[in-house]
>>> print(open('my_file_36.cif').read())   # mmCIF, C-alpha atoms and all ligand atoms
data_run
loop_
_atom_site.label_atom_id
_atom_site.label_comp_id
_atom_site.auth_asym_id
_atom_site.auth_seq_id
_atom_site.Cartn_x
_atom_site.Cartn_y
_atom_site.Cartn_z
CA MET D 1 -13.47 -9.29 83.68
CA ALA D 2 -10.49 -7.18 82.53
CA LYS D 3 -9.17 -8.03 79.08
CA THR D 4 -5.75 -9.63 78.65
CA GLY D 5 -2.98 -7.92 76.69
CA LEU D 6 -3.87 -10.08 73.71
CA GLY D 7 -7.55 -9.16 74.00
CA ARG D 8 -6.66 -5.46 74.02
CA LEU D 9 -4.37 -5.95 71.02
CA ALA D 10 -7.17 -7.71 69.16
CA ASP D 11 -9.57 -4.83 69.93
CA ARG D 12 -7.03 -2.35 68.58
CA LEU D 13 -6.69 -4.28 65.33
CA ARG D 14 -10.49 -4.48 64.93
CA ALA D 15 -10.75 -0.72 65.25
CA PHE D 16 -7.69 0.13 63.18
CA PRO D 17 -8.42 2.59 60.38
CA ALA D 18 -7.66 1.30 56.87
CA PRO D 19 -8.76 2.70 53.51
CA PRO D 20 -11.01 0.55 51.28
CA GLY D 21 -9.08 -1.85 49.05
CA THR D 22 -6.18 -2.43 51.48
CA LYS D 23 -4.61 -5.73 50.51
CA ILE D 24 -1.95 -7.39 52.66
CA MET D 25 -0.12 -10.55 51.61
CA GLU D 26 1.16 -13.00 54.20
CA VAL D 27 4.06 -14.58 52.36
CA CYS D 28 4.81 -17.51 54.64
CA GLY D 29 2.87 -20.76 54.89
CA SER D 30 3.47 -20.90 58.65
CA HIS D 31 1.82 -17.48 58.94
CA THR D 32 -1.13 -18.70 56.85
CA VAL D 33 -1.69 -21.54 59.30
CA ALA D 34 -1.12 -19.40 62.42
CA ILE D 35 -3.50 -16.66 61.21
CA ARG D 36 -6.29 -19.13 60.58
CA ARG D 37 -5.62 -21.15 63.73
CA PHE D 38 -5.85 -18.02 65.90
CA GLY D 39 -8.76 -16.62 63.84
CA ILE D 40 -6.87 -13.39 63.18
CA GLN D 41 -8.58 -12.95 59.80
CA HIS D 42 -11.78 -12.20 61.73
CA LEU D 43 -10.10 -9.32 63.60
CA LEU D 44 -9.22 -7.36 60.48
CA PRO D 45 -11.23 -4.28 59.57
CA ALA D 46 -13.72 -4.99 56.75
CA THR D 47 -11.70 -2.80 54.40
CA VAL D 48 -8.62 -5.05 54.67
CA LYS D 49 -8.15 -8.20 52.62
CA LEU D 50 -5.49 -10.66 53.68
CA VAL D 51 -4.23 -12.96 50.93
CA SER D 52 -1.78 -15.84 51.01
CA GLY D 53 1.41 -15.83 48.99
CA PRO D 54 3.88 -18.35 47.60
CA GLY D 55 5.40 -19.28 50.96
CA CYS D 56 4.63 -22.97 51.11
CA PRO D 57 7.62 -24.85 49.65
CA VAL D 58 5.70 -27.99 48.78
CA CYS D 59 3.02 -25.92 47.06
CA VAL D 60 5.35 -23.96 44.77
CA THR D 61 7.27 -27.05 43.62
CA PRO D 62 6.08 -27.84 40.08
CA ASP D 63 4.68 -31.18 38.94
CA HIS D 64 7.78 -31.77 36.84
CA PHE D 65 9.91 -32.16 39.99
CA ILE D 66 7.63 -34.89 41.36
CA ASP D 67 7.79 -36.60 37.96
CA GLU D 68 11.60 -36.52 38.12
CA ALA D 69 11.59 -38.01 41.64
CA ILE D 70 9.26 -40.79 40.49
CA ALA D 71 11.49 -41.50 37.48
CA LEU D 72 14.44 -41.87 39.86
CA ALA D 73 12.55 -44.18 42.20
CA ARG D 74 11.54 -46.38 39.26
CA GLN D 75 15.24 -46.79 38.42
CA GLY D 76 15.75 -48.50 41.78
CA VAL D 77 17.27 -45.50 43.54
CA THR D 78 16.29 -44.94 47.19
CA VAL D 79 14.37 -41.66 47.23
CA THR D 80 14.13 -39.83 50.56
CA SER D 81 12.00 -36.79 51.27
CA PHE D 82 10.16 -34.76 53.88
CA GLY D 83 6.82 -36.52 54.35
CA ASP D 84 4.56 -33.86 52.78
CA MET D 85 6.12 -34.32 49.36
CA LEU D 86 5.03 -37.97 49.17
CA ARG D 87 1.36 -37.07 48.79
CA VAL D 88 1.82 -34.30 46.23
CA PRO D 89 0.44 -35.39 42.86
CA GLY D 90 2.80 -35.22 39.90
CA SER D 91 1.57 -35.30 36.31
CA ARG D 92 0.62 -38.97 36.40
CA SER D 93 1.34 -40.39 39.84
CA ALA D 94 2.52 -39.51 43.33
CA LEU D 95 5.48 -40.78 45.35
CA GLU D 96 3.09 -42.36 47.85
CA LYS D 97 1.51 -44.44 45.07
CA GLU D 98 4.91 -45.44 43.73
CA ARG D 99 5.95 -46.57 47.21
CA ALA D 100 2.82 -48.71 47.46
CA ALA D 101 3.79 -50.20 44.09
CA GLY D 102 7.17 -51.27 45.49
CA CYS D 103 9.57 -48.37 44.93
CA ASP D 104 12.02 -47.57 47.75
CA ILE D 105 10.70 -44.18 48.84
CA ARG D 106 11.14 -43.08 52.44
CA ALA D 107 9.95 -40.14 54.51
CA VAL D 108 12.73 -38.62 56.61
CA TYR D 109 12.78 -35.83 59.18
CA SER D 110 16.02 -34.24 58.01
CA PRO D 111 18.57 -34.45 55.19
CA LEU D 112 20.97 -35.92 57.75
CA ASP D 113 18.64 -38.96 58.06
CA ALA D 114 18.93 -39.38 54.28
CA LEU D 115 22.72 -39.23 54.47
CA ARG D 116 22.70 -41.90 57.22
CA ILE D 117 20.59 -44.17 55.01
CA ALA D 118 23.11 -43.73 52.19
CA GLU D 119 26.04 -44.41 54.52
CA GLN D 120 24.54 -47.42 56.28
CA GLU D 121 22.90 -49.15 53.34
CA GLY D 122 25.38 -48.34 50.57
CA LYS D 123 22.66 -47.95 47.93
CA GLU D 124 22.29 -44.92 45.65
CA THR D 125 20.22 -42.55 47.80
CA VAL D 126 18.69 -39.26 46.69
CA PHE D 127 17.27 -36.58 48.98
CA LEU D 128 14.57 -34.32 47.53
CA ALA D 129 15.98 -30.89 48.37
CA VAL D 130 12.81 -28.79 48.52
CA GLY D 131 12.35 -25.65 50.58
CA PHE D 132 13.28 -22.02 51.05
CA GLU D 133 16.20 -20.24 52.67
CA THR D 134 15.14 -21.80 55.99
CA THR D 135 15.73 -25.39 54.92
CA ALA D 136 18.60 -24.85 52.49
CA PRO D 137 21.41 -24.34 55.07
CA ALA D 138 20.76 -27.76 56.65
CA ILE D 139 20.85 -29.35 53.20
CA ALA D 140 24.07 -27.49 52.38
CA ALA D 141 25.62 -28.70 55.65
CA VAL D 142 24.75 -32.29 54.75
CA ALA D 143 26.26 -31.89 51.28
CA ILE D 144 29.49 -30.68 52.92
CA ARG D 145 29.45 -33.62 55.33
CA ALA D 146 28.84 -36.12 52.50
CA GLY D 147 31.84 -34.66 50.69
CA GLU D 148 34.06 -34.76 53.79
CA LYS D 149 33.11 -38.37 54.55
CA GLY D 150 33.44 -39.42 50.91
CA ILE D 151 29.88 -40.80 50.75
CA ALA D 152 29.66 -41.13 46.99
CA ASN D 153 26.24 -42.80 46.82
CA PHE D 154 24.38 -39.75 48.19
CA SER D 155 22.91 -37.08 45.94
CA LEU D 156 20.35 -34.28 45.88
CA LEU D 157 17.48 -33.59 43.51
CA THR D 158 17.24 -29.85 44.00
CA ALA D 159 14.22 -27.55 43.91
CA LEU D 160 15.27 -24.96 46.49
CA ARG D 161 13.62 -21.57 46.10
CA LEU D 162 14.34 -18.02 47.30
CA VAL D 163 11.71 -15.68 48.72
CA PRO D 164 12.89 -12.17 47.64
CA PRO D 165 12.80 -12.90 43.87
CA ALA D 166 9.24 -14.24 44.26
CA LEU D 167 8.19 -11.02 45.99
CA LYS D 168 9.69 -9.00 43.15
CA ALA D 169 7.71 -11.03 40.61
CA LEU D 170 4.51 -10.60 42.62
CA MET D 171 5.01 -6.84 42.83
CA ALA D 172 5.46 -6.70 39.06
CA SER D 173 2.22 -8.61 38.45
CA ASP D 174 0.00 -7.28 41.25
CA THR D 175 -0.02 -3.52 41.62
CA GLU D 176 -2.85 -3.61 44.18
CA LEU D 177 -0.79 -4.97 47.07
CA SER D 178 -0.53 -2.64 50.07
CA GLY D 179 2.23 -4.46 51.93
CA PHE D 180 3.82 -7.75 52.92
CA LEU D 181 3.75 -9.64 56.21
CA LEU D 182 7.25 -11.07 55.83
CA PRO D 183 8.35 -14.55 56.94
CA GLY D 184 10.09 -14.89 60.30
CA HIS D 185 12.03 -18.10 59.71
CA VAL D 186 13.34 -17.20 56.25
CA SER D 187 14.28 -13.74 57.51
CA ALA D 188 16.28 -15.27 60.36
CA VAL D 189 18.62 -16.59 57.66
CA ILE D 190 18.61 -13.79 55.06
CA GLY D 191 18.09 -10.80 57.40
CA ARG D 192 16.00 -7.65 57.22
CA GLN D 193 18.31 -6.12 54.61
CA ALA D 194 17.26 -8.73 52.04
CA TYR D 195 14.00 -6.80 51.56
CA ASP D 196 15.61 -3.41 50.99
CA PHE D 197 14.09 -3.36 47.49
CA LEU D 198 10.53 -2.98 48.87
CA PRO D 199 10.61 0.75 49.74
CA GLY D 200 11.75 1.52 46.17
CA GLN D 201 8.51 -0.13 45.00
CA ARG D 202 6.49 1.99 47.46
CA LEU D 203 5.52 -0.99 49.57
CA PRO D 204 5.98 -1.52 53.31
CA GLY D 205 6.91 -4.84 54.87
CA VAL D 206 6.98 -6.14 58.43
CA ILE D 207 8.93 -9.24 59.50
CA ALA D 208 6.71 -11.13 61.92
CA GLY D 209 7.03 -13.97 64.38
CA PHE D 210 4.39 -16.64 64.82
CA SER D 211 2.52 -15.95 68.05
CA ALA D 212 -0.89 -14.23 67.90
CA GLU D 213 0.70 -11.13 69.49
CA ASP D 214 3.51 -11.13 66.90
CA ILE D 215 1.11 -11.33 63.98
CA ILE D 216 -1.49 -8.85 65.25
CA SER D 217 1.10 -6.23 66.18
CA SER D 218 2.84 -6.72 62.79
CA LEU D 219 -0.44 -6.25 60.92
CA MET D 220 -1.05 -3.01 62.81
CA LEU D 221 2.45 -1.77 61.97
CA LEU D 222 1.78 -2.57 58.31
CA LEU D 223 -1.57 -0.80 58.31
CA GLU D 224 -0.08 2.22 60.04
CA MET D 225 2.69 2.50 57.42
CA HIS D 226 0.18 2.01 54.61
CA ASN D 227 -2.11 4.70 56.03
CA LYS D 228 0.73 7.19 56.39
CA GLY D 229 2.43 6.39 53.07
CA ILE D 230 5.59 5.18 54.84
CA TYR D 231 7.56 2.61 52.85
CA LYS D 232 9.93 0.80 55.18
CA VAL D 233 10.84 -2.73 56.13
CA MET D 234 10.36 -3.16 59.86
CA ASN D 235 11.70 -6.03 61.90
CA ASN D 236 9.01 -6.96 64.43
CA TYR D 237 10.76 -10.24 65.28
CA PRO D 238 14.07 -8.90 66.65
CA ARG D 239 14.44 -11.75 69.13
CA VAL D 240 15.22 -14.00 66.15
CA VAL D 241 15.94 -11.84 63.08
CA ARG D 242 19.01 -9.61 62.63
CA ASP D 243 19.64 -6.98 59.98
CA ALA D 244 22.17 -9.12 58.12
CA GLY D 245 20.61 -12.50 58.93
CA ASN D 246 22.55 -15.48 60.21
CA PRO D 247 26.15 -15.25 58.93
CA THR D 248 26.91 -18.92 59.63
CA SER D 249 23.89 -20.16 57.68
CA ARG D 250 24.57 -17.74 54.86
CA ALA D 251 28.20 -18.84 54.63
CA VAL D 252 27.24 -22.53 54.46
CA LEU D 253 24.68 -21.75 51.79
CA ALA D 254 27.16 -19.73 49.76
CA GLU D 255 29.75 -22.51 49.92
CA VAL D 256 27.45 -25.14 48.44
CA PHE D 257 24.86 -23.31 46.34
CA THR D 258 24.65 -20.56 43.79
CA THR D 259 21.53 -18.83 42.46
CA ALA D 260 19.86 -19.92 39.23
CA ASP D 261 16.64 -19.32 37.30
CA ALA D 262 13.88 -21.57 38.60
CA ALA D 263 10.28 -22.54 37.84
CA TRP D 264 7.57 -22.00 40.46
CA ARG D 265 4.05 -23.35 40.37
CA GLY D 266 1.74 -20.48 39.54
CA LEU D 267 4.52 -17.96 39.01
CA GLY D 268 6.41 -19.59 36.14
CA SER D 269 10.14 -19.27 35.68
CA MET D 270 11.77 -16.44 37.61
CA PRO D 271 15.33 -15.23 37.23
CA GLN D 272 17.75 -16.13 40.02
CA SER D 273 14.91 -17.44 42.21
CA GLY D 274 16.37 -20.88 42.93
CA LEU D 275 19.53 -22.51 44.19
CA GLU D 276 21.71 -25.00 42.35
CA LEU D 277 24.85 -26.80 43.47
CA ARG D 278 28.14 -25.06 42.80
CA PRO D 279 30.60 -26.82 40.46
CA ALA D 280 32.54 -28.26 43.45
CA TYR D 281 29.36 -30.12 44.49
CA ALA D 282 27.87 -30.71 41.05
CA ALA D 283 28.63 -34.45 41.17
CA MET D 284 26.08 -34.60 43.99
CA GLU D 285 23.26 -33.35 41.70
CA ALA D 286 20.99 -36.31 40.88
CA ARG D 287 20.14 -34.86 37.47
CA ARG D 288 23.79 -35.23 36.50
CA ARG D 289 24.30 -38.62 38.09
CA PHE D 290 21.24 -40.35 36.66
CA ALA D 291 19.51 -40.25 33.30
CA ILE D 292 16.12 -38.84 34.29
CA ARG D 293 13.66 -38.92 31.44
CA VAL D 294 10.29 -37.34 32.07
CA ARG D 295 7.56 -36.87 29.50
CA PRO D 296 5.86 -33.47 29.80
CA GLY D 297 2.55 -33.91 31.61
CA ALA D 298 -0.73 -32.20 30.89
CA ALA D 299 -1.50 -29.23 33.12
CA ARG D 300 -4.15 -29.95 35.75
CA LYS D 301 -6.48 -27.14 34.74
CA ALA D 302 -9.10 -27.67 37.41
CA CYS D 303 -6.66 -27.14 40.30
CA ARG D 304 -6.29 -23.40 41.00
CA CYS D 305 -3.24 -23.70 43.27
CA GLY D 306 -1.32 -21.32 41.02
CA ASP D 307 -3.91 -18.57 41.55
CA VAL D 308 -4.03 -19.29 45.30
CA LEU D 309 -0.22 -18.95 45.49
CA ARG D 310 -0.33 -15.56 43.78
CA GLY D 311 -3.06 -14.33 46.14
CA LEU D 312 -5.47 -13.95 43.22
CA ILE D 313 -8.19 -16.12 44.73
CA ASP D 314 -9.08 -17.51 48.14
CA PRO D 315 -9.16 -21.33 48.24
CA PRO D 316 -13.00 -21.60 48.30
CA ALA D 317 -13.03 -19.98 44.86
CA CYS D 318 -11.56 -23.22 43.48
CA PRO D 319 -14.52 -25.35 42.31
CA LEU D 320 -12.89 -28.47 43.78
CA PHE D 321 -12.30 -26.98 47.25
CA ASN D 322 -13.46 -29.32 50.01
CA LYS D 323 -15.48 -31.34 47.47
CA ALA D 324 -13.36 -33.41 45.10
CA CYS D 325 -10.23 -32.00 46.78
CA ARG D 326 -10.03 -32.53 50.54
CA PRO D 327 -7.18 -33.09 53.03
CA ASP D 328 -7.88 -36.85 52.98
CA GLN D 329 -7.99 -36.88 49.17
CA PRO D 330 -5.90 -33.94 47.92
CA LEU D 331 -5.83 -33.09 44.23
CA GLY D 332 -3.35 -30.25 44.51
CA PRO D 333 -0.31 -29.42 46.67
CA CYS D 334 -2.06 -26.53 48.46
CA MET D 335 -4.34 -29.16 50.03
CA VAL D 336 -1.52 -31.62 50.76
CA SER D 337 0.89 -29.50 52.72
CA SER D 338 0.14 -28.62 56.30
CA GLU D 339 1.31 -25.11 55.32
CA GLY D 340 -0.88 -24.96 52.20
CA SER D 341 -3.64 -22.36 52.10
CA CYS D 342 -6.33 -24.80 50.99
CA SER D 343 -5.49 -27.18 53.83
CA ALA D 344 -5.44 -24.31 56.36
CA TRP D 345 -8.86 -23.05 55.19
CA VAL D 346 -10.42 -26.49 55.55
CA THR D 347 -8.74 -27.25 58.87
CA TYR D 348 -9.43 -23.95 60.61
CA GLY D 349 -12.36 -22.58 58.64
S1 LIG D 401 -8.76 -26.88 46.56
FE1 LIG D 401 -7.40 -28.49 45.76
S2 LIG D 401 -7.65 -28.41 43.55
FE2 LIG D 401 -8.41 -26.46 44.39
S3 LIG D 401 -6.66 -25.05 44.38
FE3 LIG D 401 -6.68 -26.03 46.38
S4 LIG D 401 -5.32 -27.79 46.13
FE4 LIG D 401 -5.84 -27.14 44.05
#
>>> encode(input="my_file_36.cif", output="structure tokens", more="lines below")
Ligand code: SF4
Amino acid sequence: MAKTGLGRLADRLRAFPAPPGTKIMEVCGSHTVAIRRFGIQHLLPATVKLVSGPGCPVCVTPDHFIDEAIALARQGVTVTSFGDMLRVPGSRSALEKERAAGCDIRAVYSPLDALRIAEQEGKETVFLAVGFETTAPAIAAVAIRAGEKGIANFSLLTALRLVPPALKALMASDTELSGFLLPGHVSAVIGRQAYDFLPGQRLPGVIAGFSAEDIISSLMLLLEMHNKGIYKVMNNYPRVVRDAGNPTSRAVLAEVFTTADAAWRGLGSMPQSGLELRPAYAAMEARRRFAIRVRPGAARKACRCGDVLRGLIDPPACPLFNKACRPDQPLGPCMVSSEGSCSAWVTYG
């Protein structure tokens, strides 16, 4: 039987020349899941190693943030969040456990749901603003709406992170990378131009969509540039990503947020890698509105999420992987999130 277009594409990737030691990082958690679901890692030439990066928002959020959210919930505040965050362990507890103990903690599908809860119930309501450039515009839009409607009992606990500064930090710490498979959704907001610093570091990048064809063709473009010593950022997702990104989303973001130094799990504090509310919206920052006291927690040394997020190890190198730490009993965020590498390795093999 004749092969399909996808079958032929897969054959081409299998046979693609690549020098020993070629190391590609897929930055985005959705790519991590798609690659493993389609089995694309098995199509790569033996000389190519594909590693995951810090592109899972739940995974890069440090323990301290969960501790802050728990401290808020214990004060009687209604804490709302995307569902994944509820299972992420903090230093001493998790939001899910606190909810079982009686705190008002609710999973919502969007920040708008959180605003509705604040409006309808009148209680102090905090939304856990976690995510990358993809999620941040919707949160910014809700902050604007809360301001316009005068909903004074709604606030945000912010831990929004930016992808380009994380890539810069990774390049500074890992000189063996051969190129980046760049995130499609984030790039739809920030645009191809946001990665213009890569060629100066002699690294190629390809913005990829999420179908098997998108990912395989993007990997081949990356390998071709690596082989030829071409350092460019290519947009292989032009049906969604523009050079300058989405001007509406960027304008909403710029109205509400400004950049600030931020701490990432595994990567530490990085300059200008996070978003904080501008002074006009600062009253909506939960850290200002409430006294949040959190004792520093001990680092969970056994969990190697930090090394997984920097692409230093594959999840099975963690001694707890799929033994003490499993999707039904996660010990670290990379096993909690559906976009976490550890979860993807267990789910798809
Ligand atoms: S397997 Fe669990 S404990 Fe190990 S790195 Fe992954 S999330 Fe952390």
>>> atom_distance(input="my_file_36.cif", atom1="atom CA of Arg287 of chain D", atom2="atom CA of Val126 of chain D")
10.3 Å
>>> residues_near_ligand(input="my_file_36.cif", ligand="ligand LIG 401 (chain D)", cutoff="8 Å", atoms="only C-alpha atoms and all ligand atoms", output="list in words")
Ala302, Cys303, Arg304, Cys305, Gly306, Asp307, Val308, Pro315, Pro316, Ala317, Cys318, Pro319, Leu320, Phe321, Asn322, Ala324, Cys325, Arg326, Pro330, Leu331, Gly332, Pro333, Cys334, Met335, Val336, Ser341, Cys342 and Ser343 of chain D
>>> closest_residue(input="my_file_36.cif", among="D:Arg310, D:Arg288, D:Arg87, D:Arg14", to="Ser173 of chain D", atoms="all atoms listed in the file")
D:Arg310
>>> closest_residue(input="my_file_36.cif", among="D:Ala291, D:Ala283, D:Leu267, D:Ile24", to="His226 of chain D", atoms="all atoms listed in the file")
D:Ile24
>>> atom_distance(input="my_file_36.cif", atom1="atom CA of Ala212 of chain D", atom2="atom CA of Lys232 of chain D")
22.5 Å
>>> closest_residue(input="my_file_36.cif", among="D:Val206, D:Leu112, D:Val241, D:Cys59", to="Met220 of chain D", atoms="all atoms listed in the file")
D:Val206
>>> closest_atom_pairs(input="my_file_36.cif", of="segment 7-111 of chain D", to="segment 148-172 of chain D", cutoff="8 Å", atoms="only C-alpha atoms", output="JSON lines")
{"residue": "D:Pro54", "atom": "CA", "partner": "D:Ala166", "partner_atom": "CA", "distance": 7.5}
{"residue": "D:Gly55", "atom": "CA", "partner": "D:Val163", "partner_atom": "CA", "distance": 7.6}
{"residue": "D:Pro57", "atom": "CA", "partner": "D:Arg161", "partner_atom": "CA", "distance": 7.7}
{"residue": "D:Thr61", "atom": "CA", "partner": "D:Ala159", "partner_atom": "CA", "distance": 7.0}
{"residue": "D:Phe65", "atom": "CA", "partner": "D:Ala159", "partner_atom": "CA", "distance": 7.4}
{"residue": "D:Ala69", "atom": "CA", "partner": "D:Leu157", "partner_atom": "CA", "distance": 7.6}
>>> write_last_selection(input="my_file_36.cif", atoms="C-alpha atoms", output="PDB file, in the frame of the given file")
ATOM      1  CA  PRO D  54       3.880 -18.350  47.600  1.00  0.00           C
ATOM      2  CA  GLY D  55       5.400 -19.280  50.960  1.00  0.00           C
ATOM      3  CA  PRO D  57       7.620 -24.850  49.650  1.00  0.00           C
ATOM      4  CA  THR D  61       7.270 -27.050  43.620  1.00  0.00           C
ATOM      5  CA  PHE D  65       9.910 -32.160  39.990  1.00  0.00           C
ATOM      6  CA  ALA D  69      11.590 -38.010  41.640  1.00  0.00           C
TER       7      ALA D  69
END
>>> closest_residue(input="my_file_36.cif", among="D:Thr22, D:Ser91, D:Ser273, D:Asn236", to="His64 of chain D", atoms="all atoms listed in the file")
D:Ser91
